[in-house]
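A.B. asks: Let me give you the structure first, and then I'll get to my questions.
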Number of protein chains: 2
Amino acid sequence: MPHEKPDAMELPPGIAIAWGLDLPSTRGAKAELSPARIVEAAIRLADAEGLAAVSMARVAKDLGFTSMSLYRHLRSKEELLVLMVDAAFGEPDFAASPAAVSDEPGWRTGTRRWAKAIEQRYRKHPWILDYPVTGPPASPHELLWLEQLLRALAPTSLTASEKLNSALMLANLVRSSTRMELDVADNDSPAAFESYVGLLFKLLDPDKHREVLGLFSDPGLAVMEDAGDELSFALERHLDGMEALMVRRESIDRQD
Amino acid sequence: MPHEKPDAMELPPGIAIAWGLDLPSTRGAKAELSPARIVEAAIRLADAEGLAAVSMARVAKDLGFTSMSLYRHLRSKEELLVLMVDAAFGEPDFAASPAAVSDEPGWRTGTRRWAKAIEQRYRKHPWILDYPVTGPPASPHELLWLEQLLRALAPTSLTASEKLNSALMLANLVRSSTRMELDVADNDSPAAFESYVGLLFKLLDPDKHREVLGLFSDPGLAVMEDAGDELSFALERHLDGMEALMVRRESIDRQD
DNA sequence: CATAAACTGTTTATAGCATAAACAGTTCAT
DNA sequence: ATGAACTGTTTATGCTATAAACAGTTTATG
């Protein structure tokens with residue numbers, strides 16, 4: 001890859017490129033490839049065949065180059081993956097807030113809208129969920145999404161730590177709920193679900209596993225039909241929990 | 001592997017072995033290896049060097065056998081991983097409930113105890129967190145843990161779906177919180193945290209990222225000192241959210 | 001203007017991975 | 001006693017990421 005600013009030397013993989021910190025070089029043959037082209041091809045491949053299909057050789061082949069050519073633009077496959085995920089998140093897109101229509105606090109509406117928006121990104125590029133979260137967000141688009149969520153939480157009475165914690169938790173919640181829904185959807189529902197329950201009844205001991213068996217015997221246990229029901233349930237519970245904290249705090253403030 | 005009951009033929013990888021469904025065979029040379037020995041060696045290796053160090057060749061070498069010998073006892077590496085995770089969870093261990101000491105509802109205490117207990121398993125075998133969750137729990141120990149959590153939730157007024165959803169959410173919450181705490185702890189804290197924040201200040205646009213920057217400028221943003229603080233925060237919020245649902249429901253019941 | 005530095009892409013090579021296939025030895029059911 | 005069933009080994013295949021050396025191209029500098 002082209003030489004970098006001194007600043008950019010010790011950054012985690014992909015971050016320098018993601019933030020546009022490498023200066024284009026003047027000398028040398030002009031490049032046909034670029035990180036952007038490679039990432040684009042890799043995303044196309046992952047969308048079509050999953051993250052497991054993304055190998056350096058395959059991406060290069062799709063572009064009409066050799067595997068090693070990619071290493072002129074990316075330090076490692078890890079770097080490619082970081083850039084893919086960042087690009088797949090993309091810019092947050094919110095329908096501009098229609099003011100407070102309902103009687104519920106604005107932070108709830110905003111957070112819910114954020115959750116639905118990022119869920120859509122996961123559904124568009126499900127392979128993002130196959131790339132494990134390694135640490136706090138450091139890539140441009142991930143930080144933009146975090147920013148949007150923090151803006152939704154800004155009007156609340158939460159402390160800085162609480163806001164950060166809540167934001168990270170909400171992000172995890174959407175991620176894991178969506179992942180669960182997609183996993184289940186993959187095993188085209190009713191047949192697979194029946195066979196899962198059948199398996200449980202064959203294997204479980206009615207004594208040691210009475211609650212599990214009771215649950216799956218319950219006729220009221222509807223397989224969540226609409227996509228997003230599971231996420232909605234978890235999200236509303238979490239919002240209620242945050243609200244409880246705020247209410248408690250305000251009542252303490254009032255009595256001081 | 002030895003021949004299996006007809007029942008055991010179509011099960012997901014590892015499940016048949018985990019539930020002890022393969023009959024030991026009488027004919028043939030007596031085996032020196034066994035799934036149990038292999039899994040034990042693999043866990044020892046993962047504990048010491050991480051999940052990435054677990055290859056069939058390495059596990060076999062540690063046992064003094066060839067790679068291919070493992071395939072006489074396990075269908076695939078996937079099967080090994082499933083069995084490792086199941087064994088690493090192990091039997092749930094709860095200090096027998098000391099009745100209701102505090103004035104809070106028993107389901108809260110029980111759920112909290114469950115969360116802390118499973119968190120300890122993750123801390124003992126952090127590599128469990130590197131193995132992605134693929135679907136609903138099907139292995140014996142995972143189902144035992146689920147059973148224990150459902151028992152804690154049993155006295156609540158939640159419906160069957162709500163209990164299942166809540167249980168899965170709680171499991172996700174503990175998993176992702178612990179993962180985050182371990183990720184951060186890996187980068188031996190203060191130095192790495194400072195450099196992360198420094199990075200943000202160098203890269204972020206004070207306009208486009210005002211909330212993120214404001215947050216990290218806040219002197220009140222304490223790096224959570226005690227292990228488990230992050231988990232506790234998220235957990236209490238979630239418990240509050242569940243409680244809010246129950247309270248709302250009871251008040252509706254009363255007015256009907 | 002010539003030369004060297006810097007860059008791009010290719011070829012070749014290595015070490016690791018999961019796992020298939022064929023084979024030799026062992027034990028028990030028939 | 002014979003053959004089926006089993007265990008473990010050897011050998012081989014096709015993947016993977018990526019290091020190293022090389023050829024060609026462009027541009028900055030002598």
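Order determines the names: the first chain of the structure tokens is A, the second B, and so forth; residues in each chain are numbered 1 upward, and ligands are numbered 1 upward as they are shown.
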Dump as number ranges by chain the residues of chain A that approach chain C to within 9 Å, counting only C-alpha atoms (C1' of nucleotides).
C.D. replies: A: 1-2, 25-33, 65-66, 68-69, 72
A.B. asks: Wanna dump the chain A-chain B contacts at 6 Å for me, each residue with its shortest atom pair and the distance in Å to one decimal, counting only C-alpha atoms, ordered by chain and number, as CSV?
C.D. replies:
residue,atom,partner,partner_atom,distance
A:Gly135,CA,B:Asp183,CA,5.9
A:Glu147,CA,B:Val212,CA,5.6
A:Ala160,CA,B:Leu221,CA,5.5
A:Ser161,CA,B:Leu221,CA,5.0
A:Asp183,CA,B:Gly135,CA,6.0
A:His209,CA,B:Glu147,CA,5.8
A:Glu211,CA,B:Glu147,CA,5.9
A:Val212,CA,B:Glu147,CA,5.6
A:Leu215,CA,B:Ala160,CA,5.8
A:Leu221,CA,B:Ser161,CA,5.0
A:Arg237,CA,B:Gly241,CA,4.4
A:His238,CA,B:His238,CA,5.4
A:Asp240,CA,B:Gly241,CA,4.6
A:Gly241,CA,B:Gly241,CA,3.8
A:Met242,CA,B:Arg237,CA,5.8
A.B. asks: Could you pull out the alpha helix (DSSP H) residues of range 2-195 of chain B from DSSP and send them as a VMD selection string?
C.D. replies: chain B and resid 15 to 18 35 to 49 56 to 63 67 to 70 77 to 89 106 to 124 140 to 153 160 to 186 189 to 195
A.B. asks: Could you fit chain B onto chain A by least squares over every C-alpha atom, paired in order, and give me the moved chain as a compact mmCIF listing (two decimals) with C-alpha atoms, in the first residue's frame?
C.D. replies:
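The resulting file, selection.txt, is reproduced below:
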# COMPACT_ATOMS: atom_id res chain seq x y z
CA MET B 1 -0.06 -0.02 0.02
CA PRO B 2 1.09 3.55 -0.49
CA HIS B 3 3.16 5.11 2.25
CA GLU B 4 1.32 6.55 5.17
CA LYS B 5 1.41 9.56 7.40
CA PRO B 6 3.45 8.99 10.56
CA ASP B 7 0.13 9.22 12.41
CA ALA B 8 -1.19 6.23 10.61
CA MET B 9 1.60 3.91 11.55
CA GLU B 10 0.40 2.28 14.74
CA LEU B 11 -3.32 2.03 14.07
CA PRO B 12 -5.32 -1.20 14.29
CA PRO B 13 -5.83 -3.05 11.00
CA GLY B 14 -8.00 -1.30 8.47
CA ILE B 15 -8.45 1.85 10.50
CA ALA B 16 -5.89 3.92 8.62
CA ILE B 17 -7.41 3.06 5.27
CA ALA B 18 -10.97 3.41 6.52
CA TRP B 19 -10.25 6.96 7.65
CA GLY B 20 -8.46 7.82 4.40
CA LEU B 21 -5.13 8.36 6.10
CA ASP B 22 -2.91 6.94 3.37
CA LEU B 23 -1.67 9.51 0.94
CA PRO B 24 -1.90 8.51 -2.69
CA SER B 25 1.58 8.18 -4.06
CA THR B 26 2.82 9.97 -7.12
CA ARG B 27 5.62 7.68 -8.20
CA GLY B 28 5.20 4.24 -9.67
CA ALA B 29 2.75 2.56 -11.98
CA LYS B 30 -0.78 3.77 -11.54
CA ALA B 31 -2.84 1.23 -9.69
CA GLU B 32 -5.76 -0.54 -11.29
CA LEU B 33 -6.85 -1.93 -7.97
CA SER B 34 -7.70 0.00 -4.85
CA PRO B 35 -8.91 -0.86 -1.35
CA ALA B 36 -12.34 0.41 -2.37
CA ARG B 37 -12.58 -1.86 -5.42
CA ILE B 38 -11.39 -4.85 -3.43
CA VAL B 39 -13.80 -4.22 -0.58
CA GLU B 40 -16.64 -3.76 -3.04
CA ALA B 41 -15.91 -7.09 -4.70
CA ALA B 42 -15.57 -8.81 -1.35
CA ILE B 43 -18.92 -7.45 -0.18
CA ARG B 44 -20.59 -8.55 -3.38
CA LEU B 45 -19.20 -12.01 -2.80
CA ALA B 46 -20.20 -12.13 0.87
CA ASP B 47 -23.72 -10.96 0.03
CA ALA B 48 -24.04 -13.73 -2.54
CA GLU B 49 -22.23 -16.63 -0.90
CA GLY B 50 -21.55 -15.73 2.71
CA LEU B 51 -18.47 -14.66 4.58
CA ALA B 52 -16.94 -18.13 4.40
CA ALA B 53 -16.67 -17.77 0.62
CA VAL B 54 -14.50 -14.67 0.99
CA SER B 55 -10.91 -15.78 0.51
CA MET B 56 -8.16 -13.62 -0.86
CA ALA B 57 -7.88 -15.91 -3.87
CA ARG B 58 -11.58 -15.81 -4.61
CA VAL B 59 -11.92 -12.04 -4.29
CA ALA B 60 -8.89 -11.54 -6.50
CA LYS B 61 -10.22 -13.98 -9.06
CA ASP B 62 -13.57 -12.18 -9.17
CA LEU B 63 -11.66 -8.99 -9.94
CA GLY B 64 -9.47 -10.66 -12.54
CA PHE B 65 -6.24 -10.42 -10.56
CA THR B 66 -3.99 -12.72 -8.59
CA SER B 67 -4.30 -13.28 -4.85
CA MET B 68 -1.09 -11.51 -4.12
CA SER B 69 -2.14 -8.36 -5.92
CA LEU B 70 -4.52 -7.64 -3.05
CA TYR B 71 -1.60 -7.39 -0.67
CA ARG B 72 -0.39 -4.31 -2.51
CA HIS B 73 -3.46 -2.53 -1.12
CA LEU B 74 -4.25 -4.33 2.09
CA ARG B 75 -1.92 -5.54 4.78
CA SER B 76 -3.90 -8.66 5.58
CA LYS B 77 -7.23 -10.38 5.28
CA GLU B 78 -8.12 -9.05 8.69
CA GLU B 79 -7.83 -5.57 7.25
CA LEU B 80 -10.15 -6.52 4.40
CA LEU B 81 -12.75 -7.80 6.86
CA VAL B 82 -12.62 -4.65 8.95
CA LEU B 83 -13.14 -2.53 5.85
CA MET B 84 -15.96 -4.76 4.62
CA VAL B 85 -17.86 -4.45 7.86
CA ASP B 86 -17.37 -0.72 8.00
CA ALA B 87 -18.58 -0.27 4.43
CA ALA B 88 -21.54 -2.59 4.97
CA PHE B 89 -22.76 -0.51 7.88
CA GLY B 90 -22.59 2.58 5.73
CA GLU B 91 -24.02 5.95 6.68
CA PRO B 92 -26.87 5.88 9.17
CA ASP B 93 -30.13 6.77 7.44
CA PHE B 94 -32.92 8.16 9.52
CA ALA B 95 -36.18 9.57 8.39
CA ALA B 96 -35.88 13.01 9.92
CA SER B 97 -37.52 12.89 13.32
CA PRO B 98 -41.22 13.80 12.96
CA ALA B 99 -41.03 15.70 16.25
CA ALA B 100 -42.78 14.14 19.22
CA VAL B 101 -45.97 12.80 17.75
CA SER B 102 -46.86 10.33 20.44
CA ASP B 103 -46.85 11.02 24.13
CA GLU B 104 -43.79 8.90 24.80
CA PRO B 105 -40.45 10.49 25.50
CA GLY B 106 -38.37 11.34 22.43
CA TRP B 107 -35.39 9.25 23.46
CA ARG B 108 -37.52 6.12 23.26
CA THR B 109 -38.73 6.88 19.76
CA GLY B 110 -35.25 7.81 18.65
CA THR B 111 -33.66 4.72 20.11
CA ARG B 112 -36.29 2.50 18.58
CA ARG B 113 -35.78 4.09 15.21
CA TRP B 114 -32.05 3.62 15.53
CA ALA B 115 -32.53 -0.05 16.41
CA LYS B 116 -34.79 -0.71 13.43
CA ALA B 117 -32.42 1.10 11.10
CA ILE B 118 -29.35 -0.85 12.12
CA GLU B 119 -31.35 -4.07 12.09
CA GLN B 120 -32.02 -3.41 8.42
CA ARG B 121 -28.28 -3.20 7.78
CA TYR B 122 -27.79 -6.57 9.41
CA ARG B 123 -30.55 -8.04 7.29
CA LYS B 124 -29.05 -6.55 4.15
CA HIS B 125 -25.58 -7.91 4.93
CA PRO B 126 -26.13 -10.81 7.34
CA TRP B 127 -22.47 -11.81 7.18
CA ILE B 128 -21.63 -8.80 9.35
CA LEU B 129 -22.96 -10.96 12.16
CA ASP B 130 -20.39 -13.65 11.34
CA TYR B 131 -17.55 -11.27 11.97
CA PRO B 132 -16.92 -11.23 15.71
CA VAL B 133 -16.90 -7.93 17.56
CA THR B 134 -13.37 -7.40 18.80
CA GLY B 135 -13.49 -4.21 20.79
CA PRO B 136 -15.00 -0.75 20.98
CA PRO B 137 -15.97 0.73 17.61
CA ALA B 138 -13.12 2.48 15.82
CA SER B 139 -14.15 2.59 12.19
CA PRO B 140 -15.85 5.65 10.71
CA HIS B 141 -19.29 4.24 10.03
CA GLU B 142 -19.51 2.31 13.25
CA LEU B 143 -18.71 5.52 15.10
CA LEU B 144 -21.35 7.37 13.10
CA TRP B 145 -23.94 4.83 14.17
CA LEU B 146 -22.80 5.15 17.75
CA GLU B 147 -23.06 8.91 17.42
CA GLN B 148 -26.64 8.67 16.23
CA LEU B 149 -27.59 6.44 19.12
CA LEU B 150 -25.95 8.76 21.61
CA ARG B 151 -27.90 11.64 20.12
CA ALA B 152 -31.09 9.76 20.78
CA LEU B 153 -29.98 9.28 24.38
CA ALA B 154 -28.73 12.84 24.78
CA PRO B 155 -31.96 14.28 26.27
CA THR B 156 -32.01 11.66 29.04
CA SER B 157 -30.79 12.15 32.58
CA LEU B 158 -28.25 9.34 32.27
CA THR B 159 -24.63 9.93 33.24
CA ALA B 160 -21.87 9.65 30.69
CA SER B 161 -20.94 6.10 31.73
CA GLU B 162 -24.55 5.08 31.75
CA LYS B 163 -25.09 6.47 28.28
CA LEU B 164 -22.08 4.66 26.92
CA ASN B 165 -23.03 1.44 28.64
CA SER B 166 -26.60 1.71 27.47
CA ALA B 167 -25.55 2.41 23.93
CA LEU B 168 -23.21 -0.56 23.81
CA MET B 169 -25.88 -2.77 25.36
CA LEU B 170 -28.48 -1.65 22.87
CA ALA B 171 -26.08 -2.35 20.05
CA ASN B 172 -25.45 -5.83 21.42
CA LEU B 173 -29.14 -6.40 21.87
CA VAL B 174 -30.01 -5.59 18.28
CA ARG B 175 -27.09 -7.61 17.07
CA SER B 176 -27.89 -10.74 19.02
CA SER B 177 -31.65 -10.57 18.49
CA THR B 178 -31.23 -10.17 14.76
CA ARG B 179 -28.70 -12.94 14.68
CA MET B 180 -31.10 -15.26 16.47
CA GLU B 181 -33.94 -14.40 14.15
CA LEU B 182 -31.79 -14.96 11.08
CA ASP B 183 -30.45 -18.25 12.44
CA VAL B 184 -33.96 -19.52 12.98
CA ALA B 185 -35.15 -18.24 9.61
CA ASP B 186 -32.28 -20.09 7.93
CA ASN B 187 -33.76 -23.41 9.00
CA ASP B 188 -36.97 -22.64 7.11
CA SER B 189 -39.16 -22.47 10.10
CA PRO B 190 -41.93 -24.82 10.94
CA ALA B 191 -40.35 -28.12 9.98
CA ALA B 192 -37.05 -27.35 11.66
CA PHE B 193 -38.77 -25.97 14.74
CA GLU B 194 -40.91 -29.09 15.07
CA SER B 195 -37.90 -31.31 14.74
CA TYR B 196 -36.05 -29.25 17.33
CA VAL B 197 -38.90 -29.60 19.79
CA GLY B 198 -39.23 -33.28 18.92
CA LEU B 199 -35.56 -33.68 19.70
CA LEU B 200 -36.00 -32.06 23.09
CA PHE B 201 -38.86 -34.36 23.98
CA LYS B 202 -36.84 -37.38 23.00
CA LEU B 203 -33.73 -36.37 24.89
CA LEU B 204 -34.78 -34.45 27.96
CA ASP B 205 -35.48 -35.94 31.35
CA PRO B 206 -38.93 -34.74 32.48
CA ASP B 207 -37.55 -34.24 35.93
CA LYS B 208 -34.24 -32.53 35.32
CA HIS B 209 -35.72 -30.41 32.52
CA ARG B 210 -39.27 -29.86 33.65
CA GLU B 211 -39.35 -26.13 32.90
CA VAL B 212 -37.90 -26.50 29.41
CA LEU B 213 -40.35 -29.27 28.59
CA GLY B 214 -43.24 -27.40 30.14
CA LEU B 215 -42.41 -24.38 28.06
CA PHE B 216 -42.29 -26.26 24.79
CA SER B 217 -45.49 -28.11 25.64
CA ASP B 218 -47.27 -24.82 26.17
CA PRO B 219 -49.76 -24.26 23.34
CA GLY B 220 -49.40 -20.52 23.94
CA LEU B 221 -45.79 -20.65 22.83
CA ALA B 222 -46.22 -19.08 19.44
CA VAL B 223 -43.30 -19.15 17.15
CA MET B 224 -42.82 -15.45 16.69
CA GLU B 225 -44.40 -14.91 13.32
CA ASP B 226 -43.45 -11.45 12.21
CA ALA B 227 -39.82 -10.72 11.62
CA GLY B 228 -38.60 -8.40 14.33
CA ASP B 229 -40.95 -9.53 17.07
CA GLU B 230 -38.15 -10.96 19.08
CA LEU B 231 -36.10 -7.83 18.70
CA SER B 232 -39.07 -5.66 19.61
CA PHE B 233 -39.76 -7.58 22.77
CA ALA B 234 -36.19 -7.39 23.98
CA LEU B 235 -35.90 -3.76 22.97
CA GLU B 236 -39.04 -2.63 24.76
CA ARG B 237 -37.96 -4.45 27.89
CA HIS B 238 -34.63 -2.71 27.76
CA LEU B 239 -36.20 0.68 27.15
CA ASP B 240 -38.49 0.11 30.12
CA GLY B 241 -35.47 -0.74 32.23
CA MET B 242 -33.69 2.45 31.23
CA GLU B 243 -36.83 4.46 31.89
CA ALA B 244 -37.16 2.93 35.34
CA LEU B 245 -33.65 4.12 36.18
CA MET B 246 -34.44 7.64 35.00
CA VAL B 247 -37.70 7.81 36.89
CA ARG B 248 -36.08 6.57 40.08
CA ARG B 249 -33.34 9.15 39.74
CA GLU B 250 -35.75 12.01 39.10
CA SER B 251 -37.78 11.11 42.15
CA ILE B 252 -34.61 11.17 44.25
CA ASP B 253 -33.63 14.52 42.78
CA ARG B 254 -37.01 15.90 43.65
CA GLN B 255 -36.80 14.84 47.27
CA ASP B 256 -33.30 16.34 47.76
A.B. asks: Given only C-alpha atoms (C1' of nucleotides), how would the per-residue table for chain D near chain B read, listing every residue at most 8 Å away with its closest atom pair and distance in Å to one decimal, sorted by chain and number, as a Markdown table?
C.D. replies:
| residue | atom | partner | partner_atom | distance |
| --- | --- | --- | --- | --- |
| D:DA5 | C1' | B:Gly28 | CA | 5.5 |
| D:DC6 | C1' | B:Gly28 | CA | 3.8 |
| D:DT7 | C1' | B:Ala29 | CA | 5.8 |
| D:DG8 | C1' | B:Ser69 | CA | 5.7 |
| D:DT9 | C1' | B:Thr66 | CA | 7.3 |
A.B. asks: Selection from above, C-alpha atoms (C1' of nucleotides), as a tab-separated table (two decimals), in the first residue's frame, can you write it?
C.D. replies:
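Below you can see selection-v9.tsv, which holds the result:
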chain	number	residue	atom	x	y	z
D	5	DA	C1'	-16.26	-54.54	12.70
D	6	DC	C1'	-13.43	-51.73	14.75
D	7	DT	C1'	-8.85	-48.67	15.71
D	8	DG	C1'	-5.06	-46.29	14.34
D	9	DT	C1'	-1.50	-44.98	10.61
